[in-house]
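This is final-v3.cif (mmCIF, C-alpha atoms and all ligand atoms).
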data_query
#
loop_
_atom_site.label_atom_id
_atom_site.label_comp_id
_atom_site.auth_asym_id
_atom_site.auth_seq_id
_atom_site.Cartn_x
_atom_site.Cartn_y
_atom_site.Cartn_z
CA MET A 1 20.83 -2.79 -2.93
CA ASP A 2 22.57 -5.71 -1.25
CA TYR A 3 21.23 -9.23 -1.27
CA VAL A 4 20.72 -12.07 1.18
CA GLN A 5 19.25 -15.53 0.72
CA SER A 6 17.26 -14.96 3.89
CA PRO A 7 17.33 -12.38 6.70
CA LEU A 8 19.05 -15.07 8.78
CA ASP A 9 22.18 -14.09 6.87
CA LEU A 10 22.18 -10.82 8.81
CA VAL A 11 22.73 -12.62 12.12
CA GLY A 12 26.26 -12.41 13.44
CA THR A 13 27.31 -9.85 10.87
CA ASN A 14 28.36 -6.35 11.64
CA ALA A 15 24.70 -5.32 11.70
CA PRO A 16 23.78 -1.69 11.13
CA GLU A 17 22.69 0.55 13.98
CA GLY A 18 19.20 1.04 12.59
CA PRO A 19 16.60 -1.43 11.37
CA VAL A 20 16.88 -3.28 8.06
CA ALA A 21 13.98 -3.22 5.61
CA ILE A 22 13.83 -6.53 3.79
CA ALA A 23 12.67 -6.16 0.18
CA ARG A 24 11.26 -9.10 -1.77
CA PRO A 25 10.58 -7.77 -5.26
CA HIS A 26 9.75 -11.26 -6.50
CA ARG A 27 6.68 -11.20 -4.23
CA VAL A 28 5.57 -7.81 -5.57
CA GLU A 29 6.03 -9.02 -9.11
CA ALA A 30 3.93 -12.11 -8.41
CA ALA A 31 1.18 -10.00 -6.84
CA GLY A 32 1.24 -7.49 -9.71
CA LYS A 33 0.96 -10.24 -12.31
CA TRP A 34 -1.83 -11.90 -10.38
CA PHE A 35 -3.83 -8.67 -10.21
CA LEU A 36 -3.31 -7.95 -13.88
CA ASP A 37 -4.45 -11.48 -14.75
CA HIS A 38 -7.44 -11.61 -12.43
CA PHE A 39 -8.85 -8.13 -11.85
CA PRO A 40 -11.48 -7.65 -14.54
CA GLY A 41 -10.37 -4.10 -15.34
CA GLN A 42 -7.45 -1.67 -15.04
CA VAL A 43 -5.07 -1.68 -12.07
CA PHE A 44 -3.72 1.55 -10.55
CA TYR A 45 -1.18 0.82 -7.81
CA ALA A 46 -1.72 3.11 -4.80
CA ALA A 47 1.87 4.32 -4.54
CA LYS A 48 1.41 5.51 -0.95
CA ALA A 49 1.45 1.90 0.29
CA ASN A 50 5.13 1.58 -0.62
CA PRO A 51 6.83 4.07 -2.93
CA SER A 52 10.25 2.36 -2.69
CA PRO A 53 12.00 2.16 -6.06
CA TRP A 54 12.34 -1.65 -5.81
CA ALA A 55 8.57 -2.05 -5.29
CA LEU A 56 7.68 0.34 -8.13
CA ASP A 57 10.14 -1.37 -10.47
CA ALA A 58 8.81 -4.83 -9.60
CA LEU A 59 5.26 -3.72 -10.43
CA TRP A 60 6.43 -2.14 -13.65
CA LYS A 61 8.22 -5.38 -14.54
CA ALA A 62 4.97 -7.25 -13.85
CA GLY A 63 3.23 -5.00 -16.36
CA VAL A 64 1.45 -2.55 -14.07
CA ARG A 65 1.18 0.83 -15.83
CA GLY A 66 -1.47 2.60 -13.75
CA PHE A 67 -0.59 4.48 -10.55
CA ASP A 68 -2.86 6.10 -7.99
CA VAL A 69 -0.91 9.11 -6.75
CA ALA A 70 -1.92 11.34 -3.87
CA SER A 71 0.53 14.26 -3.80
CA GLU A 72 2.69 16.36 -6.05
CA ALA A 73 5.73 14.39 -4.84
CA GLU A 74 4.13 11.07 -5.78
CA VAL A 75 3.16 12.46 -9.20
CA ARG A 76 6.78 13.52 -9.76
CA LEU A 77 8.17 10.24 -8.46
CA ILE A 78 6.16 8.10 -10.87
CA ALA A 79 6.34 10.46 -13.85
CA GLU A 80 10.11 10.81 -13.59
CA ARG A 81 10.69 7.11 -13.02
CA PHE A 82 8.53 5.73 -15.82
CA GLY A 83 7.82 8.60 -18.22
CA PRO A 84 4.67 9.05 -20.28
CA GLU A 85 3.91 5.32 -20.48
CA ALA A 86 2.76 5.47 -16.85
CA LYS A 87 -0.90 6.36 -16.42
CA LEU A 88 -1.32 8.57 -13.38
CA ALA A 89 -4.58 9.16 -11.53
CA PHE A 90 -4.52 11.88 -8.86
CA MET A 91 -6.88 10.23 -6.39
CA HIS A 92 -6.62 12.47 -3.32
CA PRO A 93 -9.97 14.25 -2.98
CA VAL A 94 -8.34 17.39 -1.54
CA LYS A 95 -5.37 18.75 -3.49
CA SER A 96 -3.50 22.01 -3.28
CA ARG A 97 -3.92 24.35 -6.25
CA ARG A 98 -0.23 24.08 -7.04
CA ALA A 99 -0.34 20.29 -6.98
CA ILE A 100 -3.25 20.27 -9.45
CA SER A 101 -1.63 22.70 -11.84
CA ARG A 102 1.82 21.04 -11.73
CA ALA A 103 0.25 17.60 -12.18
CA TYR A 104 -1.68 18.79 -15.24
CA PHE A 105 0.83 21.08 -16.94
CA ASP A 106 4.19 19.58 -15.92
CA TYR A 107 3.43 15.88 -15.69
CA GLY A 108 0.49 15.31 -18.03
CA VAL A 109 -1.94 14.04 -15.39
CA ARG A 110 -5.50 14.07 -16.73
CA THR A 111 -7.38 12.04 -14.13
CA PHE A 112 -8.46 13.76 -10.92
CA VAL A 113 -10.78 12.71 -8.13
CA LEU A 114 -13.07 15.07 -6.21
CA ASP A 115 -15.77 14.85 -3.58
CA THR A 116 -17.04 18.45 -3.50
CA ALA A 117 -18.12 21.11 -6.00
CA GLU A 118 -15.39 23.35 -4.56
CA GLU A 119 -12.67 20.83 -5.46
CA LEU A 120 -14.14 20.51 -8.95
CA GLU A 121 -13.89 24.30 -9.36
CA LYS A 122 -10.26 24.19 -8.18
CA ILE A 123 -9.42 21.45 -10.68
CA LEU A 124 -11.07 23.34 -13.53
CA ALA A 125 -9.48 26.68 -12.64
CA GLU A 126 -5.97 25.25 -12.14
CA THR A 127 -6.04 23.33 -15.43
CA GLY A 128 -7.20 26.38 -17.42
CA PHE A 129 -10.69 24.91 -17.78
CA ALA A 130 -9.26 21.98 -19.71
CA ARG A 131 -11.74 19.86 -21.63
CA ASP A 132 -9.59 16.75 -21.61
CA LEU A 133 -9.97 15.87 -17.95
CA SER A 134 -11.16 12.54 -16.60
CA LEU A 135 -13.12 13.43 -13.49
CA ILE A 136 -13.91 10.85 -10.85
CA VAL A 137 -16.43 11.55 -8.08
CA ARG A 138 -15.60 9.80 -4.82
CA LEU A 139 -18.61 8.48 -2.97
CA ALA A 140 -18.75 7.83 0.78
CA VAL A 141 -19.59 4.18 1.37
CA SER A 142 -19.91 1.89 4.35
CA ASN A 143 -16.57 0.63 5.64
CA GLU A 144 -18.16 -2.24 7.52
CA GLY A 145 -16.01 -5.32 7.04
CA SER A 146 -12.75 -3.42 6.81
CA SER A 147 -10.13 -3.70 9.54
CA LEU A 148 -8.96 -0.14 8.93
CA PRO A 149 -11.97 2.08 8.14
CA LEU A 150 -11.32 5.19 6.05
CA ALA A 151 -14.93 6.37 5.79
CA ALA A 152 -14.86 9.47 7.96
CA LYS A 153 -12.59 11.73 5.96
CA PHE A 154 -13.53 11.56 2.29
CA GLY A 155 -16.42 10.89 -0.04
CA VAL A 156 -19.59 12.72 -1.00
CA ASP A 157 -22.70 11.70 0.88
CA PRO A 158 -24.92 9.41 -1.27
CA LEU A 159 -27.74 11.98 -1.13
CA ALA A 160 -25.51 14.78 -2.45
CA ALA A 161 -23.74 12.53 -4.96
CA PRO A 162 -26.23 12.89 -7.88
CA ASP A 163 -25.73 16.70 -8.02
CA LEU A 164 -21.96 16.32 -7.98
CA LEU A 165 -22.07 13.62 -10.66
CA ARG A 166 -24.11 15.96 -12.88
CA LEU A 167 -21.64 18.81 -12.31
CA ALA A 168 -18.67 16.58 -13.13
CA ARG A 169 -20.44 15.21 -16.22
CA ALA A 170 -21.05 18.72 -17.52
CA ALA A 171 -17.40 19.66 -16.91
CA THR A 172 -15.75 17.10 -19.18
CA GLU A 173 -16.08 15.58 -22.59
CA GLU A 174 -13.68 12.83 -21.57
CA LEU A 175 -14.26 10.19 -18.90
CA MET A 176 -16.49 10.81 -15.90
CA GLY A 177 -16.54 8.20 -13.21
CA ILE A 178 -17.41 7.23 -9.68
CA SER A 179 -15.06 5.80 -7.04
CA PHE A 180 -15.12 4.78 -3.40
CA HIS A 181 -12.93 3.13 -0.79
CA VAL A 182 -14.44 0.27 1.21
CA GLY A 183 -11.74 0.69 3.88
CA SER A 184 -8.32 -0.88 4.07
CA GLN A 185 -7.87 -4.61 4.75
CA CYS A 186 -11.45 -5.33 3.68
CA MET A 187 -12.30 -8.82 4.91
CA ARG A 188 -15.64 -9.13 3.09
CA PRO A 189 -15.84 -9.40 -0.72
CA GLY A 190 -19.55 -8.50 -0.38
CA ALA A 191 -18.51 -5.00 0.79
CA TYR A 192 -17.50 -4.23 -2.80
CA ARG A 193 -20.89 -5.34 -4.10
CA GLN A 194 -22.66 -3.19 -1.52
CA ALA A 195 -20.53 -0.15 -2.41
CA MET A 196 -21.00 -0.71 -6.15
CA MET A 197 -24.75 -0.89 -5.65
CA ASP A 198 -24.62 2.39 -3.67
CA ALA A 199 -22.72 3.89 -6.57
CA ASN A 200 -25.29 2.51 -8.98
CA ARG A 201 -28.14 4.16 -7.05
CA ALA A 202 -26.35 7.52 -7.20
CA ILE A 203 -25.78 7.09 -10.96
CA VAL A 204 -29.44 6.26 -11.58
CA ARG A 205 -30.60 9.22 -9.49
CA ALA A 206 -28.20 11.53 -11.31
CA GLY A 207 -29.34 10.27 -14.72
CA VAL A 208 -25.87 10.68 -16.23
CA VAL A 209 -23.64 8.49 -18.34
CA VAL A 210 -20.77 7.12 -16.28
CA ASP A 211 -17.62 5.89 -18.03
CA VAL A 212 -15.57 4.62 -15.07
CA VAL A 213 -16.36 2.62 -11.96
CA ASP A 214 -13.33 2.69 -9.68
CA VAL A 215 -13.58 0.26 -6.77
CA GLY A 216 -10.57 1.80 -5.00
CA GLY A 217 -8.27 -0.12 -2.70
CA GLY A 218 -9.02 -2.23 0.35
CA PHE A 219 -7.88 -5.62 -0.97
CA PRO A 220 -6.49 -7.52 2.00
CA ALA A 221 -3.33 -9.33 2.99
CA ILE A 222 -2.83 -12.12 5.53
CA TYR A 223 -2.01 -11.06 9.11
CA PRO A 224 -2.20 -13.16 12.28
CA GLY A 225 -5.86 -13.47 13.21
CA MET A 226 -6.93 -11.87 9.89
CA ARG A 227 -7.09 -14.53 7.20
CA PRO A 228 -9.27 -13.07 4.45
CA PRO A 229 -11.28 -14.99 1.86
CA ALA A 230 -9.44 -15.84 -1.37
CA LEU A 231 -8.76 -12.82 -3.57
CA ARG A 232 -10.51 -14.65 -6.42
CA GLU A 233 -13.79 -14.17 -4.52
CA TYR A 234 -13.25 -10.40 -4.52
CA MET A 235 -12.59 -10.47 -8.27
CA GLN A 236 -15.71 -12.52 -8.95
CA VAL A 237 -17.98 -10.28 -6.86
CA ILE A 238 -16.61 -7.12 -8.46
CA GLY A 239 -16.79 -8.52 -12.00
CA SER A 240 -20.35 -9.76 -11.67
CA THR A 241 -21.62 -6.62 -9.90
CA PHE A 242 -20.09 -4.43 -12.60
CA GLU A 243 -22.25 -6.29 -15.13
CA ASP A 244 -25.35 -5.19 -13.19
CA MET A 245 -24.51 -1.49 -13.14
CA PHE A 246 -26.18 1.25 -15.20
CA VAL A 247 -23.05 2.57 -16.85
CA ALA A 248 -21.93 3.31 -20.39
CA GLN A 249 -21.76 0.28 -22.67
CA ASN A 250 -17.97 0.63 -22.89
CA ALA A 251 -17.49 1.71 -19.27
CA GLN A 252 -14.16 0.90 -17.66
CA LEU A 253 -13.61 -0.83 -14.33
CA TRP A 254 -10.66 0.40 -12.26
CA ALA A 255 -9.08 -0.56 -8.92
CA GLU A 256 -6.42 1.10 -6.76
CA PRO A 257 -4.87 -1.73 -4.73
CA GLY A 258 -2.08 -0.75 -2.36
CA ARG A 259 -1.68 -3.16 0.53
CA ALA A 260 -2.47 -6.35 -1.40
CA LEU A 261 0.28 -5.72 -3.95
CA VAL A 262 3.12 -5.09 -1.52
CA ALA A 263 2.33 -6.25 2.04
CA GLU A 264 3.82 -9.74 1.70
CA ALA A 265 6.95 -8.41 0.08
CA GLY A 266 8.46 -6.46 2.94
CA SER A 267 9.52 -7.05 6.51
CA ILE A 268 11.66 -5.32 9.08
CA VAL A 269 14.62 -6.76 10.93
CA ALA A 270 14.92 -5.00 14.28
CA ARG A 271 17.40 -5.50 17.11
CA VAL A 272 16.53 -5.97 20.77
CA ASP A 273 18.39 -3.23 22.65
CA LEU A 274 16.98 -4.15 26.06
CA ARG A 275 14.60 -6.66 27.59
CA LYS A 276 12.51 -5.76 30.67
CA GLY A 277 10.30 -8.76 31.43
CA ASP A 278 7.85 -9.09 28.57
CA ALA A 279 8.84 -5.69 27.10
CA LEU A 280 11.39 -5.65 24.29
CA TYR A 281 13.01 -2.29 23.49
CA LEU A 282 13.78 -2.32 19.77
CA ASN A 283 15.69 -0.09 17.37
CA ASP A 284 12.45 0.49 15.40
CA GLY A 285 9.00 1.60 16.43
CA ALA A 286 5.92 3.76 15.95
CA TYR A 287 7.84 6.65 14.41
CA GLY A 288 9.84 4.32 12.21
CA ASN A 289 8.49 1.39 10.25
CA LEU A 290 6.06 0.04 12.86
CA PHE A 291 3.32 2.70 12.77
CA ASP A 292 0.48 0.21 12.29
CA ALA A 293 1.81 -2.15 14.97
CA ALA A 294 1.78 0.73 17.43
CA HIS A 295 -1.19 2.87 16.43
CA VAL A 296 -3.55 0.39 14.80
CA LYS A 297 -2.27 -2.32 17.17
CA TRP A 298 -2.04 -5.00 14.53
CA PRO A 299 -0.32 -8.21 15.61
CA PHE A 300 2.22 -8.52 12.81
CA PRO A 301 3.90 -11.93 12.44
CA VAL A 302 7.35 -12.18 14.02
CA ARG A 303 10.23 -14.61 14.10
CA LEU A 304 13.46 -14.69 16.04
CA LEU A 305 16.50 -14.81 13.77
CA ARG A 306 19.10 -17.19 15.18
CA HIS A 307 21.26 -19.68 13.39
CA VAL A 308 20.54 -22.26 16.06
CA GLU A 309 16.80 -22.28 16.62
CA SER A 310 15.74 -21.53 20.18
CA ARG A 311 14.15 -24.46 22.00
CA ALA A 312 12.41 -22.16 24.48
CA LYS A 313 8.61 -22.02 24.51
CA LEU A 314 6.88 -19.13 22.76
CA ALA A 315 5.81 -16.33 25.09
CA PRO A 316 3.87 -13.09 24.48
CA PHE A 317 5.96 -9.91 24.21
CA ARG A 318 5.26 -6.23 23.61
CA PHE A 319 7.56 -3.81 21.85
CA TYR A 320 8.84 -0.35 22.65
CA GLY A 321 10.46 1.76 19.93
CA PRO A 322 13.69 3.74 20.23
CA THR A 323 12.26 7.25 20.75
CA CYS A 324 11.52 8.88 24.10
CA ASP A 325 7.78 9.09 23.42
CA SER A 326 5.71 6.68 25.48
CA LEU A 327 3.31 6.34 22.53
CA ASP A 328 6.20 4.58 20.80
CA ALA A 329 4.88 1.19 21.88
CA ALA A 330 3.23 -1.78 20.18
CA PRO A 331 1.15 -4.01 22.44
CA GLY A 332 1.21 -7.12 20.22
CA PRO A 333 1.16 -9.64 21.75
CA PHE A 334 4.10 -10.84 19.68
CA LEU A 335 4.90 -14.49 20.23
CA LEU A 336 8.63 -15.11 20.48
CA PRO A 337 10.86 -17.67 22.23
CA ALA A 338 10.94 -16.97 25.96
CA ASP A 339 14.75 -16.82 26.02
CA ILE A 340 14.95 -13.81 23.69
CA ALA A 341 17.62 -11.40 24.88
CA GLU A 342 19.44 -8.16 24.17
CA GLY A 343 21.26 -8.27 20.84
CA ASP A 344 18.83 -10.72 19.22
CA LEU A 345 17.42 -9.83 15.82
CA ILE A 346 13.68 -10.16 15.20
CA GLU A 347 12.00 -10.18 11.82
CA ILE A 348 8.60 -8.50 11.77
CA GLY A 349 6.71 -9.62 8.68
CA MET A 350 4.01 -8.34 6.35
CA LEU A 351 5.34 -4.80 6.48
CA GLY A 352 5.71 -4.21 2.76
CA ALA A 353 2.61 -2.00 2.89
CA TYR A 354 2.49 1.05 5.13
CA GLY A 355 5.82 0.10 6.75
CA VAL A 356 8.80 2.05 5.43
CA ALA A 357 6.27 4.38 3.80
CA MET A 358 5.26 5.74 7.21
CA GLY A 359 8.68 6.31 8.76
CA THR A 360 9.76 9.63 10.28
CA ARG A 361 13.04 11.11 11.55
CA PHE A 362 11.68 11.82 15.05
CA ASN A 363 14.30 11.89 17.82
CA GLY A 364 17.10 11.40 15.33
CA PHE A 365 16.06 7.85 14.43
CA GLY A 366 14.72 6.69 11.08
CA ASP A 367 17.76 5.44 9.17
CA THR A 368 16.64 2.18 7.60
CA LEU A 369 18.82 0.09 5.33
CA ASP A 370 17.20 -1.77 2.40
CA VAL A 371 18.41 -5.31 1.77
CA GLN A 372 16.87 -7.63 -0.82
CA SER A 373 16.08 -11.19 0.19
CA ALA A 374 15.32 -14.24 -1.94
CA ASP A 375 13.06 -16.07 0.50
CA SER A 376 9.25 -16.02 0.88
CA PRO A 377 8.61 -16.77 4.55
CA TRP A 378 5.13 -15.34 5.12
CA PRO A 379 1.80 -16.83 4.03
CA SER A 380 0.76 -15.68 0.59
CA LEU A 381 -2.57 -14.80 -0.98
CA TYR A 382 -1.08 -15.56 -4.36
CA GLU A 383 -1.16 -19.26 -4.99
CA ALA A 384 1.78 -19.72 -7.28
CA VAL A 385 5.27 -18.66 -6.31
CA PRO A 386 6.79 -17.50 -9.58
CA SER A 387 10.01 -18.79 -11.01
CA VAL A 388 11.75 -15.48 -10.27
CA VAL A 389 11.99 -16.66 -6.66
CA ARG A 390 14.44 -19.30 -7.72
CA HIS A 391 16.98 -16.93 -9.14
CA ALA A 392 16.37 -13.80 -7.12
CA ALA A 393 19.39 -14.23 -4.87
CA GLN A 394 22.46 -12.81 -6.47
CA SER A 395 25.00 -12.50 -3.72
CA ARG A 396 25.18 -12.86 0.00
CA VAL A 397 25.83 -10.16 2.50
CA THR A 398 28.61 -11.20 4.79
CA ASN A 399 29.60 -7.89 6.26
CA LEU A 400 27.00 -5.23 6.78
CA ALA A 401 29.64 -2.58 7.31
CA ALA A 402 30.20 -2.92 3.58
CA VAL A 403 26.47 -2.57 3.02
CA ARG A 404 26.41 0.61 5.05
CA SER A 405 29.25 2.18 3.20
CA ASN A 406 27.61 1.28 -0.13
CA LYS A 407 24.48 3.01 1.01
CA ARG A 408 26.32 6.18 1.86
CA LYS A 409 27.81 6.30 -1.61
CA ARG A 410 24.41 6.29 -3.34
C1 LIG B 501 -7.75 6.82 -2.60
C2 LIG B 501 -7.07 5.58 -2.15
N1 LIG B 501 -6.94 4.57 -3.02
C3 LIG B 501 -6.30 3.42 -2.69
C4 LIG B 501 -5.77 3.26 -1.43
C5 LIG B 501 -5.05 1.97 -1.12
O1 LIG B 501 -5.78 1.26 -0.21
P1 LIG B 501 -5.31 -0.20 0.23
O2 LIG B 501 -3.91 -0.11 0.62
O3 LIG B 501 -6.23 -0.54 1.34
O4 LIG B 501 -5.51 -1.10 -0.96
C6 LIG B 501 -5.90 4.27 -0.47
C7 LIG B 501 -5.37 4.09 0.89
O5 LIG B 501 -5.45 4.91 1.75
C8 LIG B 501 -6.58 5.47 -0.84
O6 LIG B 501 -6.72 6.47 0.03
#

Let's see the structure in the file written out as C-alpha cells.
Ligand SMILES: Cc1ncc(COP(=O)(O)O)c(C=O)c1O
Amino acid sequence: MDYVQSPLDLVGTNAPEGPVAIARPHRVEAAGKWFLDHFPGQVFYAAKANPSPWALDALWKAGVRGFDVASEAEVRLIAERFGPEAKLAFMHPVKSRRAISRAYFDYGVRTFVLDTAEELEKILAETGFARDLSLIVRLAVSNEGSSLPLAAKFGVDPLAAPDLLRLARAATEELMGISFHVGSQCMRPGAYRQAMMDANRAIVRAGVVVDVVDVGGGFPAIYPGMRPPALREYMQVIGSTFEDMFVAQNAQLWAEPGRALVAEAGSIVARVDLRKGDALYLNDGAYGNLFDAAHVKWPFPVRLLRHVESRAKLAPFRFYGPTCDSLDAAPGPFLLPADIAEGDLIEIGMLGAYGVAMGTRFNGFGDTLDVQSADSPWPSLYEAVPSVVRHAAQSRVTNLAAVRSNKRKR
C-alpha cells in the first residue's frame, strides 16, 4: 500500500479515476489495544465491519486473537491469514450446511451460534455429531437505544429461549453460552445491562449451567450528531452486570465489536464530478463505499481537501453517486465550503466500519484504491493516541499514477 502524511497529499496529483480508501492502521491498533485492556472478557472482532488486510493485521498486532466470522469466506480469510492461533466463532445464526461442515472440518472452527432447534440440528449433523462444539444461543433483545437496530432478523424469543438453551446444553460437553446484539451504534450503556438481565432470566428459567455470556457488538463510534457516552461506561456496566448473572463460576464474558474497532480508522476521498446547486455528483456512492450515508442516511463528517483553505462559508450539500440508479443518493446534509466545484476532492470520514466492506461493482464502478495515511483527523473515542502515530508515515505519494500501476501489479 502507498502512504501519505495526510489525504491532502492527494490533491493536485494524478488522482485515480475511482475513490481512494484512506487506511489508518494506527487507529485500529489503538482501538484494539484499548478494547483488550478495558473489556472485562474476550474480544472477537466482527470481521464483517472491515475485512481489509490492513485492518485485520493492525488488530492482530494489537493482540486481538478472536474473530467473529459470518460466512465461509470470512472463516477462510481469517484462518488462512493467521493460522490456528486465531480463535474463530461462527456467529451467523443461519449458516449453509456446507459452510458449517467446511468451518468445522477444514478450518477447525468449534464455536457456532444458533437461534433455532433446526439450526442446532444442522450444526450437529454437519459436524458428525461432534462433542467438542461450543454452542451459543442467540437471544432476541430490545434494540432501543441503538441507531441501527438489528432486532428483527435474528434471535430466539425470550419465551422460547429456555427450551433452546436446554437443547444446546444437552448437545455439548464443551462450552454452552448465550449471546445477543443490542443493535449497532448503541448509544446507551444501560442497553447492555437490560439485555444481560433478559439473558439471565432465560438462563434461570432454563435451569442450565451457562459457560459464556457474549454481549455481541453494538459499541459506538462518534458521528456528527451522535456523540456516545465514554466507552469506559459501557465496560463498567457490562462488567458489573456480569457479576450479577447466574452463570457458571468460571463463566467467560465475550464481545464481538465491529464498528468501534475500525470506524475511526477509515475514510473515503471522493472527487466532485459535477455540481448542480446543492447537489454534488461524486465518484463514490451508495453502491460503493457510502452505503450507510445513502441508505441509513447518516451524516458522516466531511472536509474539503485543498492546499489553500477555502474562505467561503459552509453550506449544506447532498451527494449523488456515480451509478445511474436514483437511489444512489445521500441526503446529508454535508457541510462544505460554498465555493466547492467540479474537480475538488472531499474526504468523508468515519468510514472504516461498513464502508469499503459494503462496496459493489454495480454499473462498472467499485474500483477503490487503498492508501495509508499517518494523520488522525476525526474525533476519537480512545483517549490516548499511541506512539505508532508518530512514525506511521513512511513515504509520500507524489504521483498517483504510480500508485495505480503498483496496485495492478499486486
Ligand atoms: C453477530 C454480530 N456480531 C457483531 C456485529 C458487529 O456489530 P457492531 O459493528 O455494531 O459492533 C454484528 C453486526 O452486524 C453482528 O451481526

Give me the residues of chain A that have any atom at most 6 Å from an atom of ligand LIG 501 (chain B); for each, the nearest atom pair and the distance in Å, rounded to one decimal. Use all atoms listed in the file, sort by chain and number, and format it as JSON lines.
{"residue": "A:Ala46", "atom": "CA", "partner": "B:LIG501", "partner_atom": "C3", "distance": 5.1}
{"residue": "A:Ala49", "atom": "CA", "partner": "B:LIG501", "partner_atom": "O2", "distance": 5.7}
{"residue": "A:Met91", "atom": "CA", "partner": "B:LIG501", "partner_atom": "C1", "distance": 5.2}
{"residue": "A:His92", "atom": "CA", "partner": "B:LIG501", "partner_atom": "C1", "distance": 5.8}
{"residue": "A:Ser184", "atom": "CA", "partner": "B:LIG501", "partner_atom": "O3", "distance": 3.5}
{"residue": "A:Gln185", "atom": "CA", "partner": "B:LIG501", "partner_atom": "O3", "distance": 5.6}
{"residue": "A:Gly216", "atom": "CA", "partner": "B:LIG501", "partner_atom": "N1", "distance": 5.0}
{"residue": "A:Gly217", "atom": "CA", "partner": "B:LIG501", "partner_atom": "O4", "distance": 3.4}
{"residue": "A:Gly218", "atom": "CA", "partner": "B:LIG501", "partner_atom": "O3", "distance": 3.4}
{"residue": "A:Phe219", "atom": "CA", "partner": "B:LIG501", "partner_atom": "O4", "distance": 5.1}
{"residue": "A:Glu256", "atom": "CA", "partner": "B:LIG501", "partner_atom": "C3", "distance": 4.7}
{"residue": "A:Pro257", "atom": "CA", "partner": "B:LIG501", "partner_atom": "O4", "distance": 3.9}
{"residue": "A:Gly258", "atom": "CA", "partner": "B:LIG501", "partner_atom": "O2", "distance": 3.6}
{"residue": "A:Arg259", "atom": "CA", "partner": "B:LIG501", "partner_atom": "O2", "distance": 3.8}

Once you count only C-alpha atoms, what closest atom pair and distance in Å to one decimal does each residue of region 218-292 of chain A within 10 Å of region 301-307 of chain A have, with rows by chain and rising residue number, as JSON lines?
{"residue": "A:Ile222", "atom": "CA", "partner": "A:Pro301", "partner_atom": "CA", "distance": 9.6}
{"residue": "A:Tyr223", "atom": "CA", "partner": "A:Pro301", "partner_atom": "CA", "distance": 6.8}
{"residue": "A:Pro224", "atom": "CA", "partner": "A:Pro301", "partner_atom": "CA", "distance": 6.2}
{"residue": "A:Gly225", "atom": "CA", "partner": "A:Pro301", "partner_atom": "CA", "distance": 9.9}
{"residue": "A:Ser267", "atom": "CA", "partner": "A:Val302", "partner_atom": "CA", "distance": 9.4}
{"residue": "A:Ile268", "atom": "CA", "partner": "A:Val302", "partner_atom": "CA", "distance": 9.5}
{"residue": "A:Val269", "atom": "CA", "partner": "A:Leu305", "partner_atom": "CA", "distance": 8.7}
{"residue": "A:Ala270", "atom": "CA", "partner": "A:Leu305", "partner_atom": "CA", "distance": 9.9}
{"residue": "A:Arg271", "atom": "CA", "partner": "A:Leu305", "partner_atom": "CA", "distance": 9.9}

Could you put an axis-aligned box around every listed atom of region 298-304 of chain A, padded by 3 Å on each side, and send me its centre and edge lengths in Å to one decimal, as JSON?
{"center_x": 5.7, "center_y": -9.8, "center_z": 14.2, "size_x": 21.5, "size_y": 15.7, "size_z": 9.6}

CA of Pro158 (chain A) and CA of Gly239 (chain A) are how many Å apart?
22.4 Å

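As for CA of Tyr192 (chain A) and CA of Ile238 (chain A), they are spaced 6.4 Å apart.
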
So that I can see what lies close to Leu139 (chain A), please list as a PyMOL selection string the residues with an atom at most 6 Å from it, counting all atoms listed in the file and leaving out residues fewer than 3 positions away in the same chain.
chain A and resi 155-156+180

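Taking only C-alpha atoms into account, Ile178 (chain A) lies nearest to A:Val213 out of the set A:Leu56, A:Ile203, A:Leu133, A:Val213.
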
Excluding Pro228 (chain A) and residues on its chain fewer than 5 positions from it, collect all residues at most 12 Å away from it, counting all atoms listed in the file, and give them as a PDB file with C-alpha atoms, keeping the file's coordinate frame.
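Output below, filename result_2.pdb:
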ATOM      1  CA  GLY A 145     -16.010  -5.320   7.040  1.00  0.00           C
ATOM      2  CA  SER A 146     -12.750  -3.420   6.810  1.00  0.00           C
ATOM      3  CA  SER A 147     -10.130  -3.700   9.540  1.00  0.00           C
ATOM      4  CA  GLN A 185      -7.870  -4.610   4.750  1.00  0.00           C
ATOM      5  CA  CYS A 186     -11.450  -5.330   3.680  1.00  0.00           C
ATOM      6  CA  MET A 187     -12.300  -8.820   4.910  1.00  0.00           C
ATOM      7  CA  ARG A 188     -15.640  -9.130   3.090  1.00  0.00           C
ATOM      8  CA  PRO A 189     -15.840  -9.400  -0.720  1.00  0.00           C
ATOM      9  CA  GLY A 218      -9.020  -2.230   0.350  1.00  0.00           C
ATOM     10  CA  PHE A 219      -7.880  -5.620  -0.970  1.00  0.00           C
ATOM     11  CA  PRO A 220      -6.490  -7.520   2.000  1.00  0.00           C
ATOM     12  CA  ALA A 221      -3.330  -9.330   2.990  1.00  0.00           C
ATOM     13  CA  ILE A 222      -2.830 -12.120   5.530  1.00  0.00           C
ATOM     14  CA  TYR A 223      -2.010 -11.060   9.110  1.00  0.00           C
ATOM     15  CA  GLU A 233     -13.790 -14.170  -4.520  1.00  0.00           C
ATOM     16  CA  TYR A 234     -13.250 -10.400  -4.520  1.00  0.00           C
ATOM     17  CA  ALA A 260      -2.470  -6.350  -1.400  1.00  0.00           C
ATOM     18  CA  PRO A 379       1.800 -16.830   4.030  1.00  0.00           C
ATOM     19  CA  SER A 380       0.760 -15.680   0.590  1.00  0.00           C
ATOM     20  CA  LEU A 381      -2.570 -14.800  -0.980  1.00  0.00           C
TER      21      LEU A 381
END

Determine the nearest neighbour of Gly359 (chain A) from the options A:Leu10, A:Ala30, A:Ala21, A:Val109, counting all atoms listed in the file.
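Closest to Gly359 (chain A), using all atoms listed in the file: A:Ala21.
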
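We find CA of Gly83 (chain A) and CA of Thr368 (chain A) to be spaced 28.0 Å apart.
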
Ref. answer, residues at most 9 Å from (4.5, -9.3, 30.4) with all atoms listed in the file, as a VMD selection string
chain A and resid 276 to 279 315 to 318

Please determine, counting all atoms listed in the file, which residue among A:Gly207, A:Pro162, A:Gly32, A:Gly288 has the shortest atom-to-atom distance to Ala55 (chain A).
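Going through A:Gly207, A:Pro162, A:Gly32, A:Gly288 one by one, the smallest distance to Ala55 (chain A) is for A:Gly32.
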
Closest of A:Val296, A:Glu85, A:Ile78, A:Asn363 to Pro149 (chain A), counting only C-alpha atoms, is A:Val296
